[in-house]
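Shown next: run-v4.tsv, given as TSV, C-alpha atoms and all ligand atoms.
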```
chain	number	residue	atom	x	y	z
A	3	MET	CA	115.67	-2.24	-44.24
A	4	LYS	CA	118.49	0.29	-44.16
A	5	ARG	CA	117.86	0.92	-40.48
A	6	LEU	CA	117.92	-2.79	-39.70
A	7	GLN	CA	121.07	-3.32	-41.73
A	8	ARG	CA	122.73	-0.54	-39.78
A	9	ARG	CA	121.56	-2.11	-36.56
A	10	VAL	CA	123.16	-5.43	-37.53
A	11	SER	CA	126.45	-3.82	-38.42
A	12	LYS	CA	126.58	-1.88	-35.12
A	13	ARG	CA	126.04	-4.91	-32.89
A	14	VAL	CA	129.06	-6.82	-31.59
A	15	LYS	CA	129.83	-9.88	-33.67
A	16	GLY	CA	128.69	-13.11	-32.03
A	17	SER	CA	126.46	-11.32	-29.52
A	18	ASN	CA	122.85	-12.20	-28.87
A	19	ASN	CA	121.80	-8.70	-29.82
A	20	ARG	CA	123.38	-9.19	-33.20
A	21	LYS	CA	121.55	-12.46	-33.66
A	22	LYS	CA	118.30	-10.69	-32.84
A	23	ALA	CA	119.02	-7.92	-35.33
A	24	VAL	CA	119.90	-10.47	-38.03
A	25	ALA	CA	116.62	-12.27	-37.41
A	26	GLN	CA	114.68	-9.00	-37.69
A	27	LEU	CA	116.39	-8.21	-40.96
A	28	ALA	CA	115.70	-11.69	-42.35
A	29	LYS	CA	112.03	-11.32	-41.42
A	30	LEU	CA	111.81	-8.06	-43.31
A	31	HIS	CA	113.50	-9.58	-46.38
A	32	LEU	CA	110.93	-12.35	-46.33
A	33	LYS	CA	108.10	-9.83	-46.07
A	34	VAL	CA	109.35	-7.86	-49.07
A	35	SER	CA	109.77	-11.02	-51.09
A	36	ASN	CA	106.22	-12.13	-50.20
A	37	ILE	CA	104.75	-8.78	-51.25
A	38	ARG	CA	106.59	-9.00	-54.56
A	39	SER	CA	105.54	-12.57	-55.21
A	40	ASP	CA	101.91	-11.75	-54.35
A	41	ALA	CA	101.88	-8.79	-56.74
A	42	ILE	CA	103.30	-10.81	-59.65
A	43	HIS	CA	100.81	-13.62	-59.04
A	44	LYS	CA	97.85	-11.26	-58.95
A	45	LEU	CA	98.91	-9.45	-62.11
A	46	THR	CA	99.68	-12.56	-64.16
A	47	THR	CA	96.41	-14.19	-63.07
A	48	TYR	CA	94.48	-11.06	-64.01
A	49	LEU	CA	96.14	-10.91	-67.43
A	50	ALA	CA	95.69	-14.58	-68.28
A	51	LYS	CA	92.16	-14.84	-66.92
A	52	ASN	CA	90.69	-11.75	-68.56
A	53	HIS	CA	92.38	-11.64	-71.96
A	54	SER	CA	92.21	-13.99	-74.92
A	55	GLU	CA	95.74	-13.12	-75.93
A	56	VAL	CA	98.66	-11.72	-74.01
A	57	LYS	CA	101.65	-10.39	-75.89
A	58	ILE	CA	104.91	-9.84	-74.14
A	59	GLU	CA	108.29	-8.87	-75.40
A	60	ASP	CA	110.57	-11.86	-75.24
A	61	LEU	CA	113.37	-10.03	-73.50
A	62	ASN	CA	116.66	-11.78	-73.14
A	63	VAL	CA	116.59	-11.87	-69.35
A	64	LYS	CA	119.85	-13.76	-68.97
A	65	ALA	CA	121.70	-11.23	-71.10
A	66	PHE	CA	120.19	-8.42	-69.05
A	67	LEU	CA	121.34	-10.04	-65.85
A	68	LYS	CA	124.88	-10.10	-67.19
A	69	ASN	CA	124.69	-6.37	-67.69
A	70	HIS	CA	125.53	-5.05	-64.23
A	71	LYS	CA	123.76	-1.75	-64.73
A	72	LEU	CA	120.47	-3.49	-65.47
A	73	ALA	CA	120.83	-6.64	-63.38
A	74	GLY	CA	119.51	-5.16	-60.13
A	75	ALA	CA	116.43	-3.62	-61.69
A	76	ILE	CA	115.55	-6.73	-63.69
A	77	ALA	CA	116.08	-9.15	-60.82
A	78	ASP	CA	114.00	-6.86	-58.60
A	79	CYS	CA	110.91	-6.92	-60.72
A	80	GLY	CA	111.10	-10.67	-61.32
A	81	MET	CA	110.77	-10.61	-65.09
A	82	TYR	CA	111.74	-14.22	-65.55
A	83	GLU	CA	109.15	-15.29	-62.98
A	84	PHE	CA	106.57	-13.04	-64.64
A	85	LYS	CA	107.06	-14.80	-67.95
A	86	ARG	CA	107.10	-18.25	-66.36
A	87	GLN	CA	103.78	-17.62	-64.62
A	88	LEU	CA	102.19	-16.18	-67.74
A	89	GLU	CA	103.21	-19.29	-69.65
A	90	TYR	CA	101.36	-21.73	-67.42
A	91	LYS	CA	98.48	-19.43	-66.50
A	92	THR	CA	97.56	-18.56	-70.11
A	93	GLU	CA	97.44	-22.29	-70.76
A	94	LYS	CA	95.28	-22.86	-67.69
A	95	PHE	CA	92.77	-20.15	-68.66
A	96	ASN	CA	92.75	-20.96	-72.40
A	97	SER	CA	94.40	-17.70	-73.29
A	98	LYS	CA	97.24	-17.35	-75.74
A	99	LEU	CA	100.70	-16.11	-74.86
A	100	THR	CA	102.54	-14.54	-77.78
A	101	LEU	CA	106.20	-13.79	-77.42
A	102	VAL	CA	107.15	-10.81	-79.54
A	103	ASP	CA	110.48	-11.11	-81.28
A	104	ARG	CA	113.13	-9.64	-79.05
A	105	PHE	CA	114.65	-7.80	-82.01
A	106	PHE	CA	111.42	-5.97	-82.76
A	107	PRO	CA	112.26	-2.33	-81.89
A	108	SER	CA	108.98	-1.68	-80.06
A	109	SER	CA	110.22	1.48	-78.39
A	110	GLN	CA	111.63	3.00	-81.60
A	111	ILE	CA	108.41	3.02	-83.61
A	112	CYS	CA	105.82	5.77	-83.41
A	113	SER	CA	102.55	4.03	-82.56
A	114	SER	CA	100.67	6.90	-84.15
A	115	CYS	CA	102.27	7.32	-87.61
A	116	CYS	CA	104.44	4.17	-87.89
A	117	ASN	CA	107.54	6.19	-88.54
A	118	ASN	CA	110.22	3.93	-87.18
A	119	ARG	CA	113.76	3.57	-85.98
A	120	ILE	CA	113.64	6.70	-83.90
A	121	SER	CA	116.66	6.56	-81.64
A	122	MET	CA	115.63	6.18	-77.99
A	123	PRO	CA	118.33	5.89	-75.32
A	124	LEU	CA	117.08	3.91	-72.31
A	125	LYS	CA	117.08	6.94	-70.02
A	126	VAL	CA	114.61	8.85	-72.21
A	127	ARG	CA	111.22	7.95	-70.77
A	128	VAL	CA	109.01	10.04	-73.04
A	129	PHE	CA	108.57	9.19	-76.70
A	130	GLU	CA	108.53	12.16	-79.07
A	131	CYS	CA	107.94	11.51	-82.75
A	132	PRO	CA	109.87	13.93	-84.99
A	133	SER	CA	107.50	13.14	-87.83
A	134	CYS	CA	103.98	13.60	-86.41
A	135	GLY	CA	104.70	15.21	-83.05
A	136	ASN	CA	103.16	12.36	-81.06
A	137	ILE	CA	104.27	12.62	-77.42
A	138	GLN	CA	103.70	9.64	-75.18
A	139	ASP	CA	105.07	7.65	-72.32
A	140	ARG	CA	107.86	5.45	-73.68
A	141	ASP	CA	106.47	2.20	-72.33
A	142	PHE	CA	102.91	2.94	-73.36
A	143	ASN	CA	104.03	3.65	-76.91
A	144	ALA	CA	106.02	0.40	-76.96
A	145	ALA	CA	103.05	-1.54	-75.59
A	146	LYS	CA	100.83	-0.24	-78.40
A	147	ASN	CA	103.39	-1.42	-80.95
A	148	ILE	CA	103.64	-4.82	-79.31
A	149	GLU	CA	99.86	-5.10	-79.46
A	150	ARG	CA	100.05	-4.66	-83.24
A	151	TRP	CA	103.01	-6.91	-83.79
A	152	PHE	CA	102.38	-9.90	-85.98
A	153	GLU	CA	104.39	-12.85	-87.21
A	154	GLY	CA	106.77	-12.10	-90.05
A	155	ILE	CA	106.70	-8.32	-89.81
A	156	PHE	CA	109.65	-6.61	-91.41
A	157	VAL	CA	111.16	-3.55	-89.79
A	158	PRO	CA	114.00	-1.82	-91.64
A	159	GLU	CA	117.45	-1.67	-90.12
A	160	ARG	CA	118.49	1.71	-88.83
A	161	SER	CA	121.04	1.99	-91.67
A	162	GLU	CA	118.35	1.28	-94.28
A	163	HIS	CA	116.19	3.92	-92.69
A	164	GLN	CA	118.93	6.54	-92.83
A	165	ALA	CA	119.70	5.70	-96.45
A	166	VAL	CA	116.20	6.79	-97.38
A	167	SER	CA	116.07	10.32	-96.06
A	168	SER	CA	112.40	10.89	-96.81
A	169	THR	CA	110.31	9.34	-94.04
A	170	ALA	CA	107.34	8.97	-96.38
A	171	SER	CA	108.82	6.11	-98.39
A	172	ALA	CA	111.13	4.76	-95.71
A	173	CYS	CA	109.06	1.71	-94.86
A	174	GLY	CA	107.72	1.02	-98.34
A	175	VAL	CA	105.57	-2.04	-98.83
A	176	ASP	CA	106.09	-3.26	-95.33
A	177	LYS	CA	104.77	-0.06	-93.90
A	178	GLN	CA	101.53	-0.79	-95.73
A	179	ARG	CA	101.48	-4.27	-94.28
A	180	TRP	CA	102.04	-2.75	-90.88
A	181	GLN	CA	99.19	-0.31	-91.34
A	182	SER	CA	96.81	-2.89	-92.73
A	183	CYS	CA	97.47	-4.73	-89.52
A	184	TYR	CA	96.30	-1.62	-87.67
A	185	ARG	CA	93.03	-1.62	-89.58
A	186	TYR	CA	92.64	-5.31	-88.97
A	187	ASP	CA	92.91	-4.67	-85.26
A	188	GLU	CA	90.59	-1.70	-85.21
A	189	THR	CA	87.69	-3.24	-87.11
A	190	GLY	CA	88.17	-6.60	-85.48
A	191	SER	CA	87.31	-8.35	-88.72
B	201	ZN	ZN	104.71	9.71	-85.38
```
Translate the structure of the given file into structure tokens.
Amino acid sequence: MKRLQRRVSKRVKGSNNRKKAVAQLAKLHLKVSNIRSDAIHKLTTYLAKNHSEVKIEDLNVKAFLKNHKLAGAIADCGMYEFKRQLEYKTEKFNSKLTLVDRFFPSSQICSSCCNNRISMPLKVRVFECPSCGNIQDRDFNAAKNIERWFEGIFVPERSEHQAVSSTASACGVDKQRWQSCYRYDETGS
């Protein structure tokens, strides 16, 4: 694509050669867009067809697109389209689409010990729990938390967490609720 763009810019404006180069570039753009669309369709069909429930984080796509640093990356991977397809495909295949609260800090909770509100700047891609030493890919850890998310869960604010210095009692009753949810998932009862 870079080569073709350069070719376009080097051709004389209005010339036939430039028109040819523009057409080549447009063809490549179409090809990339087709590959992307095909990949999203295959993935969303696979997810909806083979799973009784699909949970996704209800990200605020429009707000992300306003953020210029993130806009390119988000638009590139077609997140809005991904969600839109999952919505109608889960319905088609009798699966359930659950949107996880966008304020649920899925990437700040340790999926192993439930210690939460661990500060994670976006550039840090590996999750390291200071409490239990769990080291995991950031997105995989977040996905595990999303899997265990349930309606009405309470997660303390960061300030509340800091107020209670001991991690053991930081989550209190709601930590127990959170963990009982784990057991619920594991036994399948
Ligand atoms: Zn941990």
Each chain A residue no farther than 6 Å from ligand ZN 201 (chain B), nearest pair in Å, only C-alpha atoms and all ligand atoms, as a tab-separated table:
```
residue	atom	partner	partner_atom	distance
A:Cys112	CA	B:ZN201	ZN	4.5
A:Ser114	CA	B:ZN201	ZN	5.1
A:Cys115	CA	B:ZN201	ZN	4.1
A:Asn117	CA	B:ZN201	ZN	5.5
A:Cys131	CA	B:ZN201	ZN	4.5
A:Ser133	CA	B:ZN201	ZN	5.1
A:Cys134	CA	B:ZN201	ZN	4.1
A:Gly135	CA	B:ZN201	ZN	6.0
A:Asn136	CA	B:ZN201	ZN	5.3
```
Find the nearest atom pair between each residue of range 91-151 of chain A and range 54-63 of chain A for residues within 10 Å, count only C-alpha atoms, give distances in Å to one decimal, sort rows by chain and ascending number, and present the table as a tab-separated table.
```
residue	atom	partner	partner_atom	distance
A:Thr92	CA	A:Val56	CA	8.0
A:Phe95	CA	A:Ser54	CA	8.8
A:Asn96	CA	A:Ser54	CA	7.4
A:Ser97	CA	A:Ser54	CA	4.6
A:Lys98	CA	A:Glu55	CA	4.5
A:Leu99	CA	A:Val56	CA	4.9
A:Thr100	CA	A:Lys57	CA	4.6
A:Leu101	CA	A:Asp60	CA	5.3
A:Val102	CA	A:Glu59	CA	4.7
A:Asp103	CA	A:Asp60	CA	6.1
A:Arg104	CA	A:Asp60	CA	5.1
A:Phe105	CA	A:Asp60	CA	8.9
A:Phe106	CA	A:Glu59	CA	8.5
A:Ser108	CA	A:Glu59	CA	8.6
A:Ala144	CA	A:Glu59	CA	9.7
A:Ala145	CA	A:Ile58	CA	8.6
A:Ile148	CA	A:Lys57	CA	6.8
A:Glu149	CA	A:Lys57	CA	6.6
A:Arg150	CA	A:Lys57	CA	9.5
A:Trp151	CA	A:Lys57	CA	8.7
```
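The shortest atom-to-atom distance to Glu89 in chain A, with all atoms listed in the file taken into account, belongs to A:Thr46 out of A:Asn143, A:Ser11, A:Asn18, A:Thr46.
Taking only C-alpha atoms into account, Ser39 in chain A lies nearest to A:Met81 out of the set A:Met81, A:Gln138, A:Ile120, A:Pro132.
Of the residues listed (A:Pro123, A:Lys146, A:Leu27, A:Tyr82), A:Lys146 shows the shortest atom-to-atom separation from Ile111 in chain A; distances use all atoms listed in the file.
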### Among listed residues A:Asn118, A:Ser35, A:Asn52, A:Thr47, nearest Arg86 in chain A (using all atoms listed in the file)
A:Thr47
### Task
Tell me, in Å to one decimal, how far CA of Arg127 in chain A is from CA of Gln110 in chain A.
11.9 Å
